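Enquirer: Pasting entry-v6.txt below, which is compact mmCIF, C-alpha atoms.
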```txt
# COMPACT_ATOMS: atom_id res chain seq x y z
CA MET A 768 7.40 22.37 -7.26
CA SER A 769 4.54 20.75 -5.38
CA GLU A 770 5.05 18.49 -2.40
CA LYS A 771 5.58 14.82 -3.19
CA ILE A 772 2.78 12.44 -2.23
CA THR A 773 3.81 10.38 0.80
CA LEU A 774 3.34 6.68 0.27
CA LEU A 775 3.81 3.78 2.69
CA TYR A 776 4.84 0.40 1.26
CA VAL A 777 4.47 -2.64 3.54
CA ASP A 778 6.23 -5.91 2.64
CA ASP A 779 8.06 -8.52 4.72
CA GLU A 780 10.68 -9.13 2.00
CA PRO A 781 13.65 -6.70 2.26
CA VAL A 782 14.42 -7.02 -1.47
CA ASN A 783 10.85 -6.00 -2.38
CA LEU A 784 11.05 -2.98 -0.07
CA MET A 785 14.32 -1.96 -1.70
CA LEU A 786 13.04 -2.43 -5.28
CA PHE A 787 9.86 -0.51 -4.54
CA GLU A 788 11.79 2.41 -3.09
CA ILE A 789 14.26 2.48 -6.00
CA ASN A 790 11.40 2.53 -8.52
CA PHE A 791 9.21 5.13 -6.81
CA LYS A 792 11.48 7.46 -4.79
CA ASN A 793 11.69 10.03 -7.59
CA THR A 794 7.90 10.29 -7.84
CA TYR A 795 6.80 9.84 -4.22
CA SER A 796 8.13 10.26 -0.74
CA VAL A 797 8.40 6.54 0.11
CA LEU A 798 8.18 5.16 3.64
CA LYS A 799 8.64 1.43 4.21
CA ALA A 800 7.50 -1.10 6.79
CA ALA A 801 8.51 -4.75 7.08
CA SER A 802 5.25 -5.86 8.76
CA GLY A 803 1.68 -4.82 9.37
CA LEU A 804 2.52 -3.88 12.97
CA GLU A 805 5.39 -1.68 11.81
CA GLY A 806 3.07 -0.19 9.18
CA LEU A 807 0.53 0.79 11.85
CA GLN A 808 3.31 2.43 13.87
CA ILE A 809 4.55 4.43 10.86
CA LEU A 810 0.99 5.58 10.12
CA LYS A 811 0.79 6.96 13.67
CA GLU A 812 4.07 8.84 13.23
CA HIS A 813 3.39 10.21 9.71
CA PRO A 814 0.00 11.91 9.29
CA GLU A 815 1.11 13.09 5.83
CA ILE A 816 0.73 9.56 4.36
CA SER A 817 -2.01 9.56 1.73
CA VAL A 818 -1.39 6.20 0.01
CA VAL A 819 -0.62 2.74 1.42
CA ILE A 820 0.39 -0.24 -0.70
CA SER A 821 0.70 -3.52 1.17
CA ASP A 822 1.90 -6.96 0.23
CA MET A 823 -0.82 -9.55 0.83
CA LYS A 824 1.10 -12.53 2.19
CA MET A 825 3.05 -11.61 5.32
CA PRO A 826 3.66 -13.44 8.59
CA GLY A 827 1.64 -12.40 11.63
CA MET A 828 -0.87 -10.19 9.83
CA ASN A 829 -1.69 -10.40 6.14
CA GLY A 830 -2.19 -7.34 3.96
CA ILE A 831 -5.98 -7.24 4.27
CA GLU A 832 -5.83 -7.63 8.07
CA PHE A 833 -3.32 -4.77 8.22
CA ILE A 834 -5.45 -2.57 5.94
CA ARG A 835 -8.61 -3.27 7.98
CA LYS A 836 -6.85 -2.06 11.12
CA ALA A 837 -5.27 0.93 9.36
CA HIS A 838 -8.49 1.93 7.59
CA ALA A 839 -10.36 2.02 10.90
CA ASP A 840 -8.02 4.77 12.13
CA TYR A 841 -7.19 6.43 8.80
CA PRO A 842 -10.26 6.24 6.51
CA GLN A 843 -8.95 9.12 4.36
CA ILE A 844 -5.96 7.07 3.12
CA VAL A 845 -6.15 5.23 -0.22
CA PHE A 846 -5.18 1.56 0.20
CA PHE A 847 -3.88 -0.92 -2.38
CA ILE A 848 -2.83 -4.58 -2.19
CA LEU A 849 0.14 -6.04 -4.03
CA THR A 850 0.17 -9.82 -4.41
CA GLY A 851 2.27 -12.48 -6.06
CA TYR A 852 -0.81 -14.70 -6.25
CA ASP A 853 -4.16 -14.66 -8.00
CA ILE A 854 -7.02 -12.69 -6.51
CA THR A 855 -8.42 -14.42 -3.44
CA ARG A 856 -11.89 -14.27 -1.89
CA GLU A 857 -10.44 -12.03 0.82
CA ILE A 858 -9.06 -9.56 -1.76
CA ALA A 859 -12.31 -9.68 -3.76
CA ASP A 860 -14.31 -8.91 -0.60
CA ALA A 861 -11.99 -6.01 0.26
CA LEU A 862 -12.50 -4.58 -3.25
CA ASN A 863 -16.29 -4.96 -2.98
CA GLU A 864 -16.31 -3.27 0.43
CA ARG A 865 -14.14 -0.47 -1.02
CA LEU A 866 -11.57 -1.21 1.66
CA ILE A 867 -8.92 -1.31 -1.05
CA HIS A 868 -8.96 0.76 -4.21
CA LYS A 869 -7.28 -1.84 -6.42
CA TYR A 870 -4.91 -4.77 -6.29
CA PHE A 871 -1.69 -5.16 -8.24
CA SER A 872 0.16 -8.32 -9.22
CA LYS A 873 3.84 -8.99 -8.64
CA PRO A 874 6.10 -8.30 -10.34
CA PHE A 875 4.55 -4.84 -10.19
CA ASN A 876 4.10 -2.55 -13.17
CA ILE A 877 5.38 0.92 -12.23
CA ARG A 878 3.11 2.78 -14.68
CA GLU A 879 0.03 0.84 -13.59
CA ILE A 880 0.67 1.76 -9.95
CA GLU A 881 1.40 5.43 -10.73
CA LYS A 882 -1.78 5.67 -12.83
CA ALA A 883 -3.93 4.03 -10.13
CA ILE A 884 -2.53 6.37 -7.45
CA ALA A 885 -3.17 9.44 -9.63
CA GLU A 886 -6.74 8.29 -10.33
CA ALA A 887 -7.45 7.49 -6.68
CA LEU A 888 -6.16 10.84 -5.43
CA SER A 889 -7.91 12.91 -8.10
CA VAL A 890 -11.36 11.80 -6.91
```
Take the structure in the file and give it back as structure tokens.

Expert:
Amino acid sequence: MSEKITLLYVDDEPVNLMLFEINFKNTYSVLKAASGLEGLQILKEHPEISVVISDMKMPGMNGIEFIRKAHADYPQIVFFILTGYDITREIADALNERLIHKYFSKPFNIREIEKAIAEALSV
């Protein structure tokens, strides 16, 4: 069996972290962070991470701010945004700049996320 893809999910809501892990732990090796700062720390400690999915609205540092910082140090990682809101100018700009591969809406669709990850990593 091949190694599982290591994925980092960043969200400030504990219930979202738990639901994400429950839904994806059989497919991916899931690491979780409760903030952008924690996410940056986990990226430092886990060079095997190839996919990052971040919530958009978080205190301290929003998802795009976190991804900008993370992308500067880890340009090989594929980044996605997950949001409970409509697409914003900030998300649209990040898509246009190819900072993020795609954005997903909450509640998330498991198959949509798995398909997007497979497509992003097969390039």

Enquirer: Name the residues in contact with A:Thr773 at a cut-off of 6 Å, using all atoms listed in the file, excluding same-chain residues fewer than 4 positions from it; report them as a ChimeraX atom specification.

Expert: /A:795-796,816-817

Enquirer: Taking into account only C-alpha atoms, which residue in the set A:Met825, A:Ile789, A:Ala859, A:Val782 is nearest to A:Ser802?

Expert: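 Among the listed residues, the smallest separation from A:Ser802 belongs to A:Met825.
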
Enquirer: Select, from A:Ile809, A:Val818, A:Leu786, A:Ile831, the residue with the minimum atom-to-atom distance to A:Glu864, counting all atoms listed in the file.

Expert: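 For A:Glu864, the nearest of the given residues is A:Ile831.
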
Enquirer: Do you have the atom CA of A:Ala837-atom CA of A:Leu775 distance handy?

Expert: 11.6 Å

Enquirer: Mind giving me the straight-line distance from atom CA of A:Gly806 to atom CA of A:Asp840 in Å, one decimal?

Expert: 12.5 Å

Enquirer: Hey, which of A:Leu804, A:Ile880, A:Pro874, A:Thr855 ends up closest to A:Met828? Count all atoms listed in the file.

Expert: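 Using all atoms listed in the file, A:Met828 sits closest to A:Leu804.
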
Enquirer: Between A:Lys882, A:Met823, A:Ile834, A:Gly803, which residue has the minimum interatomic distance to A:Ile854, considering all atoms listed in the file?

Expert: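 With all atoms listed in the file as the atom set, the closest residue is A:Met823.
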
Enquirer: Mind giving me the straight-line distance from atom CA of A:Asn876 to atom CA of A:Pro842 in Å, one decimal?

Expert: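 Atom-to-atom, atom CA of A:Asn876 and atom CA of A:Pro842 are spaced 25.9 Å apart.
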
Enquirer: Looking at A:Ile858, A:Leu798, A:Leu774, A:Asp822, which one is nearest to A:Phe875, with distances taken over all atoms listed in the file?

Expert: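 The shortest atom-to-atom distance to A:Phe875 comes from A:Asp822.
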
Enquirer: Using all atoms listed in the file, which residue out of A:Ala861, A:Ile848, A:Ala801, A:Ile877 lies closest to A:Met785?

Expert: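 Ranking A:Ala861, A:Ile848, A:Ala801, A:Ile877 by distance to A:Met785, first place goes to A:Ala801.
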
Enquirer: Counting all atoms listed in the file, note down every residue that has an atom within 10 Å of the point (1.8, -15.8, -4.6) (file coordinates), as a PyMOL selection string.

Expert: chain A and resi 823-824+849-854+872-873
